[in-house]
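Q: Compact mmCIF, C-alpha atoms and all ligand atoms, file upload-v6.txt:
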```txt
# COMPACT_ATOMS: atom_id res chain seq x y z
CA MET A 134 0.00 0.00 0.00
CA ASP A 135 1.28 3.44 -0.96
CA ALA A 136 -0.03 5.63 1.86
CA ARG A 137 1.13 9.03 0.54
CA GLY A 138 0.67 8.81 -3.20
CA LEU A 139 -2.28 10.50 -4.87
CA ALA A 140 -2.91 9.17 -8.38
CA HIS A 141 -3.58 12.26 -10.51
CA ARG A 142 -6.40 11.66 -13.03
CA GLY A 143 -5.77 7.92 -12.65
CA TYR A 144 -2.49 6.91 -14.24
CA PRO A 145 -1.88 9.27 -17.20
CA GLY A 146 1.75 8.22 -17.39
CA ARG A 147 0.47 4.94 -18.89
CA TYR A 148 -3.29 5.17 -19.59
CA PRO A 149 -5.66 7.85 -20.87
CA GLU A 150 -6.37 10.37 -18.12
CA ASN A 151 -9.62 10.30 -16.14
CA THR A 152 -10.69 6.90 -17.49
CA LEU A 153 -11.86 3.77 -15.74
CA THR A 154 -8.80 1.95 -17.10
CA GLY A 155 -6.48 4.45 -15.42
CA PHE A 156 -8.47 4.34 -12.19
CA GLN A 157 -8.32 0.55 -12.13
CA ALA A 158 -4.54 0.68 -12.63
CA ALA A 159 -4.11 3.10 -9.70
CA CYS A 160 -6.08 0.78 -7.45
CA GLU A 161 -4.09 -2.25 -8.56
CA LEU A 162 -0.84 -0.45 -7.76
CA GLY A 163 -2.08 0.01 -4.20
CA PHE A 164 -2.38 3.79 -4.17
CA ALA A 165 -4.27 5.13 -1.16
CA TYR A 166 -5.61 8.23 -2.95
CA LEU A 167 -6.87 9.08 -6.41
CA GLU A 168 -7.77 12.45 -7.91
CA LEU A 169 -10.32 12.99 -10.68
CA ASP A 170 -11.90 16.06 -12.28
CA VAL A 171 -15.63 16.70 -12.60
CA GLN A 172 -17.61 18.82 -15.05
CA LEU A 173 -21.38 18.95 -15.58
CA SER A 174 -23.28 17.90 -18.71
CA LYS A 175 -26.01 20.09 -20.21
CA ASP A 176 -28.62 17.90 -18.53
CA GLY A 177 -26.96 18.00 -15.12
CA VAL A 178 -24.94 14.79 -14.94
CA PRO A 179 -21.47 15.05 -13.32
CA VAL A 180 -18.88 13.59 -15.70
CA VAL A 181 -15.19 12.92 -15.25
CA MET A 182 -13.14 15.21 -17.48
CA HIS A 183 -10.39 17.70 -16.89
CA ASP A 184 -11.04 20.26 -19.62
CA PHE A 185 -14.12 22.42 -20.13
CA ARG A 186 -14.09 21.18 -23.73
CA VAL A 187 -14.01 17.61 -25.02
CA ASP A 188 -11.60 18.37 -27.89
CA ARG A 189 -8.24 17.39 -26.37
CA VAL A 190 -9.09 13.92 -25.06
CA THR A 191 -12.01 12.71 -27.19
CA ASP A 192 -12.93 12.44 -30.86
CA GLY A 193 -15.54 15.20 -30.45
CA LYS A 194 -15.60 18.96 -30.28
CA GLY A 195 -17.40 21.39 -28.00
CA ASN A 196 -18.05 22.40 -24.42
CA VAL A 197 -19.05 19.75 -21.91
CA LYS A 198 -21.76 22.10 -20.61
CA ASP A 199 -23.40 22.27 -24.06
CA MET A 200 -23.68 18.49 -24.48
CA THR A 201 -26.16 16.07 -22.94
CA ILE A 202 -24.96 12.95 -21.21
CA ALA A 203 -26.18 10.92 -24.22
CA GLU A 204 -24.07 13.07 -26.55
CA LEU A 205 -21.03 12.84 -24.28
CA LYS A 206 -21.37 9.07 -24.02
CA ARG A 207 -21.16 8.72 -27.80
CA LEU A 208 -17.63 10.20 -27.78
CA ARG A 209 -14.54 8.03 -27.44
CA ILE A 210 -11.30 8.56 -25.56
CA ALA A 211 -8.24 6.99 -27.20
CA GLY A 212 -10.57 5.26 -29.65
CA THR A 213 -12.30 2.95 -27.20
CA GLU A 214 -13.20 4.41 -23.81
CA GLU A 215 -16.26 6.39 -22.84
CA ILE A 216 -16.18 9.52 -20.71
CA PRO A 217 -17.04 8.10 -17.27
CA THR A 218 -19.84 9.61 -15.26
CA LEU A 219 -18.86 10.41 -11.69
CA GLU A 220 -21.19 7.63 -10.61
CA GLU A 221 -19.47 5.05 -12.81
CA ALA A 222 -16.07 6.13 -11.55
CA LEU A 223 -17.07 6.03 -7.89
CA ARG A 224 -18.72 2.63 -8.30
CA LEU A 225 -15.41 1.28 -9.61
CA LEU A 226 -13.46 2.90 -6.77
CA GLN A 227 -15.87 2.08 -3.96
CA GLY A 228 -14.13 0.46 -0.99
CA ARG A 229 -10.73 0.60 -2.73
CA ILE A 230 -9.19 4.08 -2.58
CA LEU A 231 -9.82 7.56 -1.14
CA VAL A 232 -11.07 9.89 -3.85
CA ASP A 233 -10.21 13.57 -4.30
CA VAL A 234 -13.10 14.86 -6.42
CA GLU A 235 -11.97 18.11 -7.99
CA LEU A 236 -14.92 20.25 -9.01
CA LYS A 237 -14.04 22.15 -12.16
CA GLN A 238 -16.36 24.92 -11.17
CA CYS A 239 -15.42 28.28 -12.63
CA GLY A 240 -17.52 31.17 -11.41
CA ASP A 241 -21.05 30.65 -12.72
CA LEU A 242 -20.10 28.09 -15.36
CA TYR A 243 -21.90 25.15 -13.77
CA PRO A 244 -24.92 26.13 -11.67
CA GLY A 245 -25.82 23.16 -9.46
CA LEU A 246 -22.52 21.29 -9.87
CA GLU A 247 -21.91 21.06 -6.12
CA ALA A 248 -25.38 19.68 -5.36
CA ALA A 249 -25.20 17.23 -8.26
CA VAL A 250 -21.83 15.88 -7.11
CA LEU A 251 -23.05 15.55 -3.53
CA GLY A 252 -26.13 13.74 -4.82
CA VAL A 253 -23.99 11.06 -6.47
CA VAL A 254 -21.82 10.61 -3.39
CA HIS A 255 -24.88 10.34 -1.12
CA LYS A 256 -26.56 7.88 -3.47
CA LEU A 257 -23.52 5.58 -3.24
CA ASN A 258 -23.02 6.16 0.51
CA MET A 259 -19.42 7.18 -0.13
CA GLU A 260 -19.18 10.27 2.11
CA ASP A 261 -16.38 8.60 4.10
CA GLN A 262 -14.34 7.75 1.02
CA VAL A 263 -14.51 11.05 -0.83
CA PHE A 264 -13.33 14.62 -0.38
CA PHE A 265 -14.03 17.63 -2.54
CA THR A 266 -11.53 20.20 -3.79
CA SER A 267 -11.59 23.14 -6.17
CA PHE A 268 -9.58 26.07 -7.44
CA ASP A 269 -12.91 27.93 -7.14
CA HIS A 270 -13.11 28.55 -3.43
CA TYR A 271 -16.67 29.82 -3.68
CA SER A 272 -17.52 26.32 -4.87
CA MET A 273 -16.13 24.92 -1.62
CA ILE A 274 -18.06 27.52 0.37
CA ARG A 275 -21.22 26.27 -1.38
CA MET A 276 -20.25 22.69 -0.66
CA ARG A 277 -19.92 23.51 3.03
CA GLU A 278 -23.32 25.24 3.00
CA LEU A 279 -24.86 22.18 1.34
CA HIS A 280 -23.30 19.61 3.65
CA ARG A 281 -21.89 20.30 7.09
CA GLY A 282 -20.00 16.99 7.15
CA ALA A 283 -18.40 17.13 3.72
CA GLU A 284 -14.59 16.86 3.66
CA ILE A 285 -13.39 19.80 1.60
CA GLY A 286 -10.13 21.34 0.44
CA LEU A 287 -8.79 24.39 -1.35
CA ILE A 288 -6.56 24.18 -4.42
CA ASN A 289 -4.22 27.00 -5.32
CA TYR A 290 -1.15 27.55 -7.45
CA GLY A 291 0.80 29.35 -4.77
CA ALA A 292 1.25 28.86 -1.05
CA SER A 293 -0.38 31.47 1.16
CA PRO A 294 -1.27 31.71 4.84
CA ALA A 295 -4.66 33.01 3.65
CA LEU A 296 -5.38 29.49 2.36
CA ILE A 297 -4.90 28.05 5.81
CA ARG A 298 -7.16 30.67 7.36
CA LEU A 299 -9.98 30.05 4.87
CA ALA A 300 -9.60 26.28 5.11
CA LYS A 301 -9.98 26.46 8.88
CA GLU A 302 -12.89 28.88 8.65
CA LEU A 303 -14.66 26.39 6.38
CA ASN A 304 -13.66 23.43 8.53
CA GLY A 305 -11.75 22.16 5.52
CA ARG A 306 -9.12 19.50 5.91
CA TYR A 307 -7.05 19.84 2.73
CA VAL A 308 -4.96 22.50 1.05
CA SER A 309 -3.52 21.60 -2.35
CA VAL A 310 -0.65 23.65 -3.79
CA ARG A 311 1.65 23.42 -6.80
CA HIS A 312 4.70 21.64 -5.46
CA ASN A 313 7.33 24.18 -6.46
CA TYR A 314 5.70 26.85 -4.26
CA LEU A 315 6.11 24.75 -1.13
CA THR A 316 8.59 25.98 1.43
CA GLU A 317 9.57 24.54 4.77
CA PRO A 318 7.72 27.29 6.73
CA PHE A 319 4.48 26.69 4.82
CA ILE A 320 4.75 22.93 5.25
CA ARG A 321 5.35 23.37 8.99
CA LEU A 322 2.43 25.83 9.23
CA CYS A 323 0.10 23.24 7.70
CA GLU A 324 1.37 20.63 10.13
CA GLU A 325 0.85 22.94 13.11
CA GLU A 326 -2.64 23.93 11.97
CA GLY A 327 -3.73 20.35 11.29
CA ILE A 328 -4.17 20.92 7.57
CA GLN A 329 -3.45 18.01 5.22
CA LEU A 330 -1.20 19.42 2.53
CA ILE A 331 -1.28 18.04 -1.02
CA ALA A 332 1.57 18.81 -3.44
CA TRP A 333 0.69 18.76 -7.15
CA THR A 334 1.75 17.56 -9.65
CA VAL A 335 5.06 15.90 -8.85
CA ASP A 336 6.46 13.94 -11.79
CA GLU A 337 10.22 14.49 -11.82
CA GLU A 338 12.33 12.21 -9.70
CA SER A 339 14.24 15.10 -8.09
CA ASP A 340 10.96 16.75 -7.04
CA MET A 341 9.67 13.43 -5.75
CA ARG A 342 12.79 13.04 -3.63
CA ARG A 343 12.25 16.49 -2.12
CA MET A 344 8.58 15.76 -1.35
CA ALA A 345 9.46 12.34 0.05
CA GLY A 346 11.48 14.19 2.68
CA TYR A 347 8.30 15.69 4.15
CA PRO A 348 6.25 12.78 5.50
CA SER A 349 3.19 14.94 6.20
CA ILE A 350 2.56 15.72 2.49
CA LEU A 351 0.34 13.78 0.09
CA VAL A 352 2.09 13.63 -3.27
CA CYS A 353 -0.08 14.01 -6.35
CA THR A 354 1.53 12.46 -9.43
CA ASN A 355 0.99 11.31 -13.00
CA GLU A 356 3.93 8.91 -12.70
CA LEU A 357 2.70 6.36 -10.20
CA GLU A 358 5.38 3.72 -10.45
CA ARG A 359 8.16 6.31 -10.42
CA TRP A 360 6.74 7.70 -7.18
CA GLN A 361 6.54 4.23 -5.69
CA SER A 362 10.14 3.54 -6.51
CA VAL A 363 11.26 6.87 -5.00
CA ALA A 364 9.07 6.48 -1.91
CA GLY A 365 9.95 2.84 -1.48
CA ALA A 366 6.24 2.00 -1.36
O1 LIG B 401 -5.62 18.87 -7.60
C1 LIG B 401 -5.04 19.85 -8.38
C2 LIG B 401 -4.42 19.26 -9.60
O2 LIG B 401 -5.27 18.35 -10.21
C3 LIG B 401 -3.90 20.31 -10.54
O3 LIG B 401 -4.87 20.85 -11.34
O4 LIG B 401 -5.21 21.34 -13.71
O5 LIG B 401 -4.41 19.09 -13.08
O6 LIG B 401 -6.72 19.78 -12.54
P1 LIG B 401 -5.30 20.23 -12.73
CA CA B 402 -7.37 18.09 -11.14
```
Please lay out the structure from this file as structure tokens.

A:
Amino acid sequence: MDARGLAHRGYPGRYPENTLTGFQAACELGFAYLELDVQLSKDGVPVVMHDFRVDRVTDGKGNVKDMTIAELKRLRIAGTEEIPTLEEALRLLQGRILVDVELKQCGDLYPGLEAAVLGVVHKLNMEDQVFFTSFDHYSMIRMRELHRGAEIGLINYGASPALIRLAKELNGRYVSVRHNYLTEPFIRLCEEEGIQLIAWTVDEESDMRRMAGYPSILVCTNELERWQSVAGA
């Protein structure tokens, strides 16, 4: 079991990102955590996709928000795979791995995204296996308003003490920061304040070695086996 590795979008180093195949691979490697990205279809179904548009990873074109779930399901990733719904992804992961559900909320882009995501998690009784994160901190404020017990976290590029303050105000457990912004004082501050720090996205061996030196950090990576060899997991 790799207790500190967080499989970013599954295992994009080897499999198409945000697919059931990649998620299965992360579980089989024994990762404790997995991150996936969620957008909302035109008809309100949370789907697993990083980009606002389908163009980069599928054979289609257009915005996720302008396509129904039926239209999205007709697209193919790497020729064979469907875009997973959040429900399909969580069903695969249930009982196997802790899931960082990143809401790709962006201002008013996806009205109702937070409630729709919570609805899926409640339906599957996976509140204890899932936490929610976003670059859009208003999205996490809404999540807290919707569910007092939700585990939430704030994503940011840079490190800032303001992140810790807001996380604590929201009773949030996680702060997720681009790894090269992390300094010893910020790491120690998170430890002192009881915040679980996530470093993203750590793919180079030298960066992995640095992060491995801070046992309190969860290390988000696209290169799962490289991390395991560095961490000795
Ligand atoms: O959790 C944050 C990490 O996923 C970095 O953001 O752009 O890869 O979704 P992104
Ligand atoms: Ca993400």

Q: Could the residues that lie within 10 Å of ligand LIG 401 (chain B), counting only C-alpha atoms and all ligand atoms, be listed as JSON, numbers by chain?

A: {"A": [139, 140, 141, 142, 167, 168, 169, 170, 171, 182, 183, 184, 233, 234, 235, 236, 237, 265, 266, 267, 268, 286, 287, 288, 289, 290, 308, 309, 310, 311, 331, 332, 333, 334, 353, 354, 355]}

Q: Grab the CA of Val180 in chain A to CA of Leu219 in chain A distance for me, in Å with one decimal place.

A: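 Interatomic distance, CA of Val180 in chain A to CA of Leu219 in chain A: 5.1 Å.
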
Q: Rounded to one decimal place, report the CA of Thr213 in chain A-CA of Gly163 in chain A distance in Å.

A: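 One can read the CA of Thr213 in chain A to CA of Gly163 in chain A distance as 25.3 Å.
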
Q: Got a sec: who's within 9 Å of range 256-258 of chain A, counting all atoms listed in the file, leaving out chain neighbours fewer than 2 positions off, as an NGL selection string?

A: :A and (220 or 223-224 or 227 or 251-254 or 260-262)

Q: Give me a file of those residues, with C-alpha atoms, as a PDB file, keeping the file's coordinate frame.

A:
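Output below, filename selection-v7.pdb:
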```pdb
ATOM      1  CA  GLU A 220     -21.190   7.630 -10.610  1.00  0.00           C
ATOM      2  CA  LEU A 223     -17.070   6.030  -7.890  1.00  0.00           C
ATOM      3  CA  ARG A 224     -18.720   2.630  -8.300  1.00  0.00           C
ATOM      4  CA  GLN A 227     -15.870   2.080  -3.960  1.00  0.00           C
ATOM      5  CA  LEU A 251     -23.050  15.550  -3.530  1.00  0.00           C
ATOM      6  CA  GLY A 252     -26.130  13.740  -4.820  1.00  0.00           C
ATOM      7  CA  VAL A 253     -23.990  11.060  -6.470  1.00  0.00           C
ATOM      8  CA  VAL A 254     -21.820  10.610  -3.390  1.00  0.00           C
ATOM      9  CA  GLU A 260     -19.180  10.270   2.110  1.00  0.00           C
ATOM     10  CA  ASP A 261     -16.380   8.600   4.100  1.00  0.00           C
ATOM     11  CA  GLN A 262     -14.340   7.750   1.020  1.00  0.00           C
TER      12      GLN A 262
END
```

Q: Nearest to Gln172 in chain A among A:Ala158, A:Arg229, A:Asp340, A:Val250, with distances taken over only C-alpha atoms: which residue is it?

A: A:Val250

Q: Go through A:Asp269, A:Glu325, A:Glu338, A:Asp192 one by one, measure the shortest atom-to-atom distance of each to ligand CA 402 (chain B) using all atoms listed in the file, and give the residue with the smallest value.

A: A:Asp269

Q: Nearest to ligand CA 402 (chain B): which of A:Leu162, A:Leu357, A:Val181, A:Arg277 is it, counting all atoms listed in the file?

A: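 Going through A:Leu162, A:Leu357, A:Val181, A:Arg277 one by one, the smallest distance to ligand CA 402 (chain B) is for A:Val181.
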
Q: Which residue gives the smallest distance to ligand CA 402 (chain B) among A:Gly138, A:Gly143, A:Gly240, A:Gly212, with only C-alpha atoms and all ligand atoms counted?

A: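 Using only C-alpha atoms and all ligand atoms, ligand CA 402 (chain B) sits closest to A:Gly143.
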
Q: Could you check which of A:Leu246, A:Val232, A:Ser293, A:Gly193 is closest to ligand CA 402 (chain B), using only C-alpha atoms and all ligand atoms?

A: A:Val232

Q: Would you compute the distance between CA of Lys175 in chain A and CA of Asp199 in chain A? Give it in Å to one decimal.

A: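 If I compute the distance from CA of Lys175 in chain A to CA of Asp199 in chain A, I get 5.1 Å.
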
Q: Taking only C-alpha atoms into account, which of A:Gly305, A:Pro294, A:Gly346, A:Pro179 comes nearest Gly327 in chain A?

A: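 With only C-alpha atoms as the atom set, the closest residue is A:Gly305.
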
Q: Please provide as a list in words all residues within 9 Å of Ser174 in chain A, with the sequence filter that same-chain residues fewer than 3 positions apart are discarded (counting only C-alpha atoms).

A: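 Returned residues: Gly177, Val178, Pro179, Val180, Asn196, Val197, Lys198, Asp199, Met200, Thr201, Ile202, Leu205 and Tyr243 of chain A.
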
Q: Quick one: residues within 12 Å of Glu317 in chain A, all atoms listed in the file counted, chain neighbours fewer than 3 positions away excluded, as a short mmCIF file (atom, residue, chain, number, x, y, z; two decimals) with C-alpha atoms, in the frame of the given file?

A:
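As written to disk, out-v7.cif reads:
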```cif
data_model
loop_
_atom_site.label_atom_id
_atom_site.label_comp_id
_atom_site.auth_asym_id
_atom_site.auth_seq_id
_atom_site.Cartn_x
_atom_site.Cartn_y
_atom_site.Cartn_z
CA ALA A 292 1.25 28.86 -1.05
CA HIS A 312 4.70 21.64 -5.46
CA ASN A 313 7.33 24.18 -6.46
CA TYR A 314 5.70 26.85 -4.26
CA ILE A 320 4.75 22.93 5.25
CA ARG A 321 5.35 23.37 8.99
CA LEU A 322 2.43 25.83 9.23
CA CYS A 323 0.10 23.24 7.70
CA GLU A 324 1.37 20.63 10.13
CA ARG A 343 12.25 16.49 -2.12
CA MET A 344 8.58 15.76 -1.35
CA GLY A 346 11.48 14.19 2.68
CA TYR A 347 8.30 15.69 4.15
CA SER A 349 3.19 14.94 6.20
CA ILE A 350 2.56 15.72 2.49
#
```

Q: Please give the centre and size of the box around range 252-258 of chain A (axis-aligned, containing every atom listed in the file, 6 Å added per side), with values in Å to one decimal and written as lines of an AutoDock Vina configuration file.

A:
```
center_x = -24.2
center_y = 9.7
center_z = -3.0
size_x = 16.7
size_y = 20.2
size_z = 19.0
```

Q: Save range 353-365 of chain A from what I just supplied, as a compact mmCIF listing (two decimals), in the first residue's frame, atoms limited to all heavy atoms.

A:
```
# COMPACT_ATOMS: atom_id res chain seq x y z
N CYS A 353 0.79 14.22 -5.19
CA CYS A 353 -0.08 14.01 -6.35
C CYS A 353 0.80 13.85 -7.59
O CYS A 353 1.63 14.72 -7.88
CB CYS A 353 -0.98 15.24 -6.46
SG CYS A 353 -2.12 15.20 -7.83
N THR A 354 0.62 12.74 -8.32
CA THR A 354 1.53 12.46 -9.43
C THR A 354 0.83 11.77 -10.60
O THR A 354 -0.15 11.04 -10.41
CB THR A 354 2.72 11.59 -8.94
OG1 THR A 354 3.64 11.42 -10.02
CG2 THR A 354 2.26 10.23 -8.43
N ASN A 355 1.39 12.03 -11.79
CA ASN A 355 0.99 11.31 -13.00
C ASN A 355 1.82 10.04 -13.20
O ASN A 355 1.49 9.21 -14.03
CB ASN A 355 1.22 12.19 -14.25
CG ASN A 355 0.35 13.41 -14.27
OD1 ASN A 355 -0.85 13.34 -14.09
ND2 ASN A 355 0.97 14.57 -14.51
N GLU A 356 2.94 9.99 -12.49
CA GLU A 356 3.93 8.91 -12.70
C GLU A 356 3.94 8.00 -11.48
O GLU A 356 4.82 8.07 -10.60
CB GLU A 356 5.32 9.51 -12.96
CG GLU A 356 5.39 10.33 -14.23
CD GLU A 356 5.23 9.46 -15.49
OE1 GLU A 356 5.32 8.22 -15.40
OE2 GLU A 356 5.01 10.06 -16.57
N LEU A 357 2.96 7.12 -11.42
CA LEU A 357 2.70 6.36 -10.20
C LEU A 357 3.84 5.43 -9.82
O LEU A 357 4.26 5.38 -8.65
CB LEU A 357 1.38 5.58 -10.36
CG LEU A 357 0.09 6.38 -10.13
CD1 LEU A 357 -0.08 7.54 -11.09
CD2 LEU A 357 -1.13 5.47 -10.18
N GLU A 358 4.33 4.69 -10.80
CA GLU A 358 5.38 3.72 -10.45
C GLU A 358 6.70 4.42 -10.11
O GLU A 358 7.45 3.95 -9.25
CB GLU A 358 5.55 2.71 -11.58
CG GLU A 358 4.37 1.73 -11.59
CD GLU A 358 4.24 0.98 -12.89
OE1 GLU A 358 3.75 1.56 -13.89
OE2 GLU A 358 4.62 -0.20 -12.90
N ARG A 359 6.95 5.55 -10.77
CA ARG A 359 8.16 6.31 -10.42
C ARG A 359 8.09 6.77 -8.96
O ARG A 359 9.04 6.68 -8.20
CB ARG A 359 8.30 7.51 -11.35
CG ARG A 359 9.62 8.27 -11.17
CD ARG A 359 9.72 9.43 -12.13
NE ARG A 359 9.67 9.00 -13.50
CZ ARG A 359 9.34 9.78 -14.54
NH1 ARG A 359 9.03 11.06 -14.34
NH2 ARG A 359 9.30 9.31 -15.77
N TRP A 360 6.90 7.28 -8.56
CA TRP A 360 6.74 7.70 -7.18
C TRP A 360 6.96 6.51 -6.23
O TRP A 360 7.65 6.63 -5.21
CB TRP A 360 5.36 8.31 -6.95
CG TRP A 360 5.02 8.41 -5.48
CD1 TRP A 360 4.11 7.66 -4.81
CD2 TRP A 360 5.64 9.25 -4.50
NE1 TRP A 360 4.12 7.98 -3.47
CE2 TRP A 360 5.05 8.95 -3.25
CE3 TRP A 360 6.64 10.23 -4.55
CZ2 TRP A 360 5.42 9.60 -2.07
CZ3 TRP A 360 7.01 10.87 -3.36
CH2 TRP A 360 6.41 10.56 -2.14
N GLN A 361 6.40 5.37 -6.59
CA GLN A 361 6.54 4.23 -5.69
C GLN A 361 8.00 3.82 -5.56
O GLN A 361 8.43 3.41 -4.49
CB GLN A 361 5.68 3.07 -6.20
CG GLN A 361 4.20 3.37 -6.02
CD GLN A 361 3.31 2.20 -6.33
OE1 GLN A 361 3.50 1.53 -7.34
NE2 GLN A 361 2.34 1.95 -5.47
N SER A 362 8.74 3.94 -6.64
CA SER A 362 10.14 3.54 -6.51
C SER A 362 10.92 4.56 -5.68
O SER A 362 11.78 4.18 -4.88
CB SER A 362 10.75 3.28 -7.90
OG SER A 362 11.40 4.39 -8.37
N VAL A 363 10.59 5.84 -5.81
CA VAL A 363 11.26 6.87 -5.00
C VAL A 363 10.86 6.73 -3.52
O VAL A 363 11.70 6.81 -2.62
CB VAL A 363 10.93 8.29 -5.51
CG1 VAL A 363 11.38 9.36 -4.51
CG2 VAL A 363 11.56 8.52 -6.87
N ALA A 364 9.57 6.53 -3.30
CA ALA A 364 9.07 6.48 -1.91
C ALA A 364 9.33 5.14 -1.24
O ALA A 364 9.11 5.00 -0.04
CB ALA A 364 7.57 6.78 -1.91
N GLY A 365 9.72 4.17 -2.04
CA GLY A 365 9.95 2.84 -1.48
C GLY A 365 8.67 2.17 -1.05
O GLY A 365 8.63 1.36 -0.13
```
